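**Q** Compact mmCIF, C-alpha atoms, file coords_26.txt:
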```txt
# COMPACT_ATOMS: atom_id res chain seq x y z
CA HIS A 1 138.91 145.47 56.57
CA SER A 2 137.52 141.98 57.03
CA VAL A 3 136.43 140.72 60.42
CA THR A 4 135.27 137.27 61.42
CA GLY A 5 133.12 137.24 64.51
CA ILE A 6 129.68 137.46 66.02
CA PHE A 7 127.71 140.46 67.23
CA ALA A 8 124.85 139.43 69.50
CA SER A 9 122.84 140.35 72.61
CA ASP A 10 124.70 139.36 75.76
CA GLY A 11 122.03 139.44 78.46
CA VAL A 12 122.87 143.04 79.35
CA VAL A 13 122.71 144.84 76.01
CA ASN A 14 119.90 143.98 73.61
CA LEU A 15 121.76 144.30 70.34
CA THR A 16 118.98 145.66 68.19
CA SER A 17 118.07 148.93 66.49
CA ASP A 18 120.29 151.83 67.72
CA ALA A 19 122.45 149.55 69.87
CA LYS A 20 123.21 147.35 66.87
CA ALA A 21 123.96 150.38 64.71
CA ARG A 22 126.41 151.76 67.31
CA ALA A 23 128.18 148.41 67.62
CA LEU A 24 128.64 148.07 63.86
CA VAL A 25 129.73 151.69 63.39
CA SER A 26 132.22 151.29 66.23
CA GLU A 27 133.71 148.23 64.50
CA PHE A 28 133.51 149.24 60.83
CA GLY A 29 132.92 153.00 60.83
CA GLU A 30 130.03 155.02 59.42
CA ILE A 31 128.85 153.52 56.09
CA GLY A 32 131.70 151.05 56.41
CA PHE A 33 129.51 147.98 56.17
CA ASP A 34 126.59 146.52 54.24
CA TYR A 35 123.53 145.33 56.11
CA ALA A 36 120.61 143.01 55.38
CA GLY A 37 117.62 143.23 57.71
CA ASN A 38 113.95 142.35 57.85
CA SER A 39 112.24 144.47 60.51
CA ARG A 40 111.41 147.99 61.61
CA ALA A 41 114.16 147.76 64.23
CA ASP A 42 116.73 147.66 61.43
CA ARG A 43 116.05 151.25 60.29
CA ALA A 44 118.82 152.68 62.46
CA VAL A 45 121.29 150.12 61.10
CA TRP A 46 120.38 150.78 57.47
CA ALA A 47 120.86 154.51 58.09
CA SER A 48 124.52 153.87 59.00
CA SER A 49 125.25 151.23 56.37
CA HIS A 50 126.83 151.54 52.93
CA ASP A 51 124.47 149.18 51.08
CA ALA A 52 121.04 148.42 52.54
CA TYR A 53 119.26 145.13 51.81
CA LEU A 54 115.72 144.22 52.80
CA ALA A 55 114.97 140.52 53.35
CA THR A 56 111.29 139.70 52.98
CA LEU A 57 108.94 136.78 52.47
CA ARG A 58 106.80 138.87 50.11
CA ARG A 59 106.81 137.78 46.50
CA SER A 60 106.28 141.39 45.35
CA GLY A 61 106.22 144.86 46.84
CA THR A 62 107.52 145.80 50.28
CA PRO A 63 106.00 145.86 53.77
CA ARG A 64 104.09 149.06 54.51
CA TRP A 65 106.60 150.18 57.14
CA ALA A 66 109.46 149.92 54.62
CA ARG A 67 107.91 151.79 51.69
CA SER A 68 109.45 155.12 52.70
CA LEU A 69 112.95 153.59 52.81
CA SER A 70 115.43 153.16 49.98
CA PHE A 71 117.17 149.81 49.48
CA ASP A 72 120.01 148.78 47.22
CA ARG A 73 118.34 145.43 46.78
CA ILE A 74 115.35 143.51 48.07
CA LEU A 75 116.10 139.88 48.89
CA ARG A 76 113.00 137.77 48.44
CA ASP A 77 112.50 134.27 49.79
CA PRO A 78 112.14 131.89 46.81
CA ALA A 79 108.93 130.55 48.25
CA PRO A 80 106.35 128.82 46.06
CA THR A 81 102.91 130.32 45.59
CA PRO A 82 100.50 129.64 48.47
CA ALA A 83 98.67 127.10 46.31
CA ARG A 84 101.87 125.19 45.56
CA ALA A 85 102.98 125.37 49.18
CA TRP A 86 99.70 123.88 50.41
CA ALA A 87 99.68 121.24 47.67
CA LYS A 88 103.14 120.16 48.76
CA GLU A 89 102.32 120.26 52.46
CA LEU A 90 99.06 118.30 52.09
CA ARG A 91 100.95 115.68 50.02
CA LEU A 92 98.26 115.69 47.32
CA HIS A 93 100.40 113.38 45.20
CA GLN A 94 100.12 110.77 47.97
CA SER A 95 96.38 110.62 47.36
CA LEU A 96 97.05 108.16 44.56
CA LYS A 97 97.55 105.36 47.09
CA ASN A 98 93.96 105.81 48.26
CA LEU A 99 92.83 104.56 44.84
CA LEU A 100 93.31 101.13 46.44
CA LEU A 101 89.79 101.62 47.80
CA PHE A 102 88.45 101.02 44.30
CA LEU A 103 90.10 97.59 43.90
CA PRO A 104 87.30 95.57 45.59
CA LEU A 105 84.77 97.36 43.41
CA LEU A 106 86.74 96.51 40.28
CA ALA A 107 87.32 92.92 41.38
CA ALA A 108 83.58 92.46 41.98
CA HIS A 109 82.78 94.02 38.57
CA GLU A 110 80.54 96.58 40.28
CA ILE A 111 82.34 99.74 39.22
CA ALA A 112 79.29 100.63 37.07
CA ASP A 113 76.95 100.49 40.07
CA PRO A 114 76.16 104.20 40.76
CA ALA A 115 75.46 103.77 44.49
CA ARG A 116 78.57 101.71 45.20
CA ALA A 117 80.77 103.91 43.01
CA LEU A 118 79.51 107.05 44.77
CA SER A 119 80.10 105.63 48.23
CA THR A 120 83.61 104.54 47.21
CA ILE A 121 84.36 108.03 45.90
CA GLY A 122 83.17 109.37 49.26
CA GLY A 123 85.51 106.95 51.03
CA PHE A 124 88.38 108.03 48.80
CA VAL A 125 87.77 111.70 49.65
CA ALA A 126 87.48 110.92 53.37
CA PHE A 127 90.78 109.04 53.39
CA CYS A 128 92.51 111.85 51.46
CA LEU A 129 91.24 114.46 53.93
CA MET A 130 92.33 112.41 56.95
CA ALA A 131 95.72 111.60 55.45
CA SER A 132 96.43 115.27 54.73
CA SER A 133 95.38 116.16 58.29
CA VAL A 134 97.83 113.61 59.70
CA TYR A 135 100.62 114.91 57.44
CA LEU A 136 100.08 118.40 58.84
CA VAL A 137 100.18 117.17 62.44
CA ASN A 138 103.29 115.10 61.72
CA ASP A 139 105.12 118.08 60.22
CA LEU A 140 104.10 120.29 63.14
CA LEU A 141 105.53 117.75 65.60
CA ASP A 142 108.73 117.31 63.59
CA VAL A 143 109.28 120.96 62.62
CA SER A 144 112.52 121.35 64.64
CA ALA A 145 114.04 118.15 63.29
CA ASP A 146 112.89 118.97 59.74
CA ARG A 147 114.64 122.36 59.84
CA ALA A 148 117.92 120.61 60.62
CA HIS A 149 117.43 118.05 57.84
CA ALA A 150 119.06 118.57 54.43
CA ARG A 151 115.92 117.65 52.47
CA LYS A 152 112.99 118.01 54.88
CA ARG A 153 113.88 121.62 55.66
CA ASP A 154 112.13 122.49 52.38
CA ARG A 155 108.78 121.31 53.69
CA PRO A 156 106.42 124.31 53.78
CA ILE A 157 105.99 124.42 57.56
CA ALA A 158 109.70 123.95 58.28
CA ALA A 159 110.58 126.55 55.64
CA GLY A 160 108.16 129.07 57.13
CA TRP A 161 105.89 129.23 54.08
CA ILE A 162 102.96 128.00 56.17
CA THR A 163 102.56 129.13 59.78
CA PRO A 164 102.00 126.53 62.52
CA LEU A 165 98.69 128.16 63.47
CA HIS A 166 97.35 127.93 59.92
CA ALA A 167 98.59 124.35 59.62
CA LEU A 168 96.90 123.31 62.88
CA SER A 169 93.65 125.03 61.92
CA VAL A 170 93.55 123.32 58.51
CA ALA A 171 94.43 119.95 60.10
CA VAL A 172 91.43 120.20 62.45
CA VAL A 173 89.07 121.21 59.63
CA LEU A 174 90.27 118.36 57.37
CA ALA A 175 89.95 115.77 60.15
CA LEU A 176 86.44 116.91 61.03
CA GLY A 177 85.43 116.88 57.38
CA ALA A 178 86.76 113.35 56.98
CA LEU A 179 84.96 112.09 60.11
CA ILE A 180 81.64 113.69 59.14
CA LEU A 181 81.82 112.24 55.64
CA ALA A 182 82.75 108.80 57.00
CA PHE A 183 79.86 108.95 59.49
CA TYR A 184 77.36 109.47 56.67
CA LEU A 185 78.89 106.66 54.61
CA SER A 186 78.61 104.01 57.34
CA PRO A 187 79.52 103.42 61.00
CA ARG A 188 81.91 100.62 60.03
CA PHE A 189 83.73 102.84 57.56
CA LEU A 190 83.97 105.51 60.26
CA ALA A 191 85.57 102.95 62.59
CA VAL A 192 88.10 102.00 59.91
CA LEU A 193 88.97 105.65 59.25
CA VAL A 194 89.43 106.36 62.97
CA ALA A 195 91.67 103.30 63.30
CA TYR A 196 93.67 104.52 60.29
CA ALA A 197 94.07 107.98 61.86
CA ILE A 198 95.15 106.55 65.22
CA MET A 199 97.63 104.14 63.65
CA THR A 200 99.07 106.79 61.33
CA THR A 201 99.48 109.27 64.17
CA ALA A 202 101.07 106.61 66.38
CA TYR A 203 103.47 105.80 63.55
CA SER A 204 104.44 109.45 63.13
CA VAL A 205 104.93 110.07 66.84
CA TRP A 206 106.44 106.81 68.05
CA LEU A 207 106.25 103.59 66.01
CA LYS A 208 108.47 104.76 63.12
CA ARG A 209 111.41 104.79 65.55
CA ILE A 210 111.08 101.06 66.35
CA VAL A 211 112.97 98.70 64.04
CA LEU A 212 110.75 96.24 62.10
CA VAL A 213 107.62 97.59 63.77
CA ASP A 214 107.74 100.57 61.43
CA VAL A 215 107.68 98.27 58.38
CA VAL A 216 104.80 96.19 59.76
CA VAL A 217 102.73 99.29 60.54
CA LEU A 218 103.26 100.70 57.04
CA ALA A 219 102.07 97.41 55.56
CA LEU A 220 99.00 97.43 57.83
CA LEU A 221 98.17 100.99 56.78
CA TYR A 222 98.01 99.88 53.15
```
Could you take the file, read its structure, and then write that structure out as structure tokens?

**A**
Amino acid sequence: HSVTGIFASDGVVNLTSDAKARALVSEFGEIGFDYAGNSRADRAVWASSHDAYLATLRRSGTPRWARSLSFDRILRDPAPTPARAWAKELRLHQSLKNLLLFLPLLAAHEIADPARALSTIGGFVAFCLMASSVYLVNDLLDVSADRAHARKRDRPIAAGWITPLHALSVAVVLALGALILAFYLSPRFLAVLVAYAIMTTAYSVWLKRIVLVDVVVLALLY
């Protein structure tokens, strides 16, 4: 029979493992239901179900604790490869806008000057590193809102493809790398990069919510 309803913990009974199995058997009967689970605690439920489904983030194989179990089907999260997930999260395609750093060099017809070209490449890399660091911090701050958004929920952190701890660790490393590189390029460039980081972070946290100010800040960032 079909039932529409919710089975959940109620503050007294923790509806997991054996307790969950008993509740479902009481409602649907032994092997009277199909069940999809993702943890060790679901073993008791699978044992009483008709069809057993394992939900996992793994792209292949099964978790070690589940290898002795038999499943009718393994449901895998259609996550991208780690490389694709990080490329998307770091917004590598957005690095193209940092090519603006080369415009003064081109306008001055000094693109063939090895020293100036090398320092500009260093500045480009520093800006890319800092921008990616800010993107990570922004997505960490907005993770709850992103998960409720029709399009942004597919961002790697919101989708669970990248853990918050890994994202924060990488953000710190990228920011430090950018600052160290900028320091060796010149103190003035370091000041510009720090100002960029502060303004970008302020935009992500606060300024983007203020009408007109958000447009002005975006223009200043360019």

**Q** May I have the residues within 10 Å of A:Leu193 as a PyMOL selection string, using only C-alpha atoms and disregarding those fewer than 3 positions away in the same chain?

**A** chain A and resi 123+126-127+130-131+178-179+182-183+187-190+196-199

**Q** Env of stretch 76-87 of chain A: 7 Å cut, atoms = only C-alpha atoms, seq-sep filter 4 positions within chain, self excluded. Answer as a PyMOL selection string.

**A** chain A and resi 55-59+91-92+156+161

**Q** Write the selection just made, keeping C-alpha atoms, as a compact mmCIF listing (two decimals), in the frame of the given file?

**A**
```
# COMPACT_ATOMS: atom_id res chain seq x y z
CA ALA A 55 114.97 140.52 53.35
CA THR A 56 111.29 139.70 52.98
CA LEU A 57 108.94 136.78 52.47
CA ARG A 58 106.80 138.87 50.11
CA ARG A 59 106.81 137.78 46.50
CA ARG A 91 100.95 115.68 50.02
CA LEU A 92 98.26 115.69 47.32
CA PRO A 156 106.42 124.31 53.78
CA TRP A 161 105.89 129.23 54.08
```

**Q** Show which residues sit within 10 Å of stretch 27-42 of chain A, as number ranges by chain. Count all atoms listed in the file, and ignore same-chain residues fewer than 2 positions away.

**A** A: 1-3, 16-18, 20-25, 44-57, 63, 65-66, 71-75

**Q** Excluding A:Asp214 and residues on its chain fewer than 6 positions from it, collect all residues at most 10 Å away from it, counting only C-alpha atoms, and give them as a CSV table (one decimal) with C-alpha atoms, in the coordinates of the input.

**A**
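So out31.csv came out as:
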```
chain,number,residue,atom,x,y,z
A,203,TYR,CA,103.5,105.8,63.6
A,204,SER,CA,104.4,109.4,63.1
A,206,TRP,CA,106.4,106.8,68.0
A,207,LEU,CA,106.2,103.6,66.0
A,208,LYS,CA,108.5,104.8,63.1
A,220,LEU,CA,99.0,97.4,57.8
```

**Q** Between atom CA of A:Ser169 and atom CA of A:Val134, what is the distance, to one decimal in Å?

**A**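 Interatomic distance here is 12.4 Å.
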
**Q** For the atom pair atom CA of A:Gly122 and atom CA of A:Leu100, what is the interatomic distance in Å to one decimal place?

**A**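 Straight-line distance from atom CA of A:Gly122 to atom CA of A:Leu100 works out to 13.4 Å.
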
**Q** Ranking A:Leu129, A:Ser70, A:Ser26, A:Val143 by minimum distance to A:Thr163 and counting only C-alpha atoms, which one comes first?

**A**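 Answer, going by the shortest atom-to-atom distance: A:Val143.
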
**Q** Go ahead and compute the interatomic distance for atom CA of A:Leu96 and atom CA of A:Leu140, in Å to one decimal.

**A**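 So the answer is 23.3 Å.
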
**Q** Find the residue from A:Val137, A:Ile6, A:Val170, A:Asn98 that sits nearest to A:Ile121; use only C-alpha atoms when measuring.

**A**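 Answer, going by the shortest atom-to-atom distance: A:Asn98.
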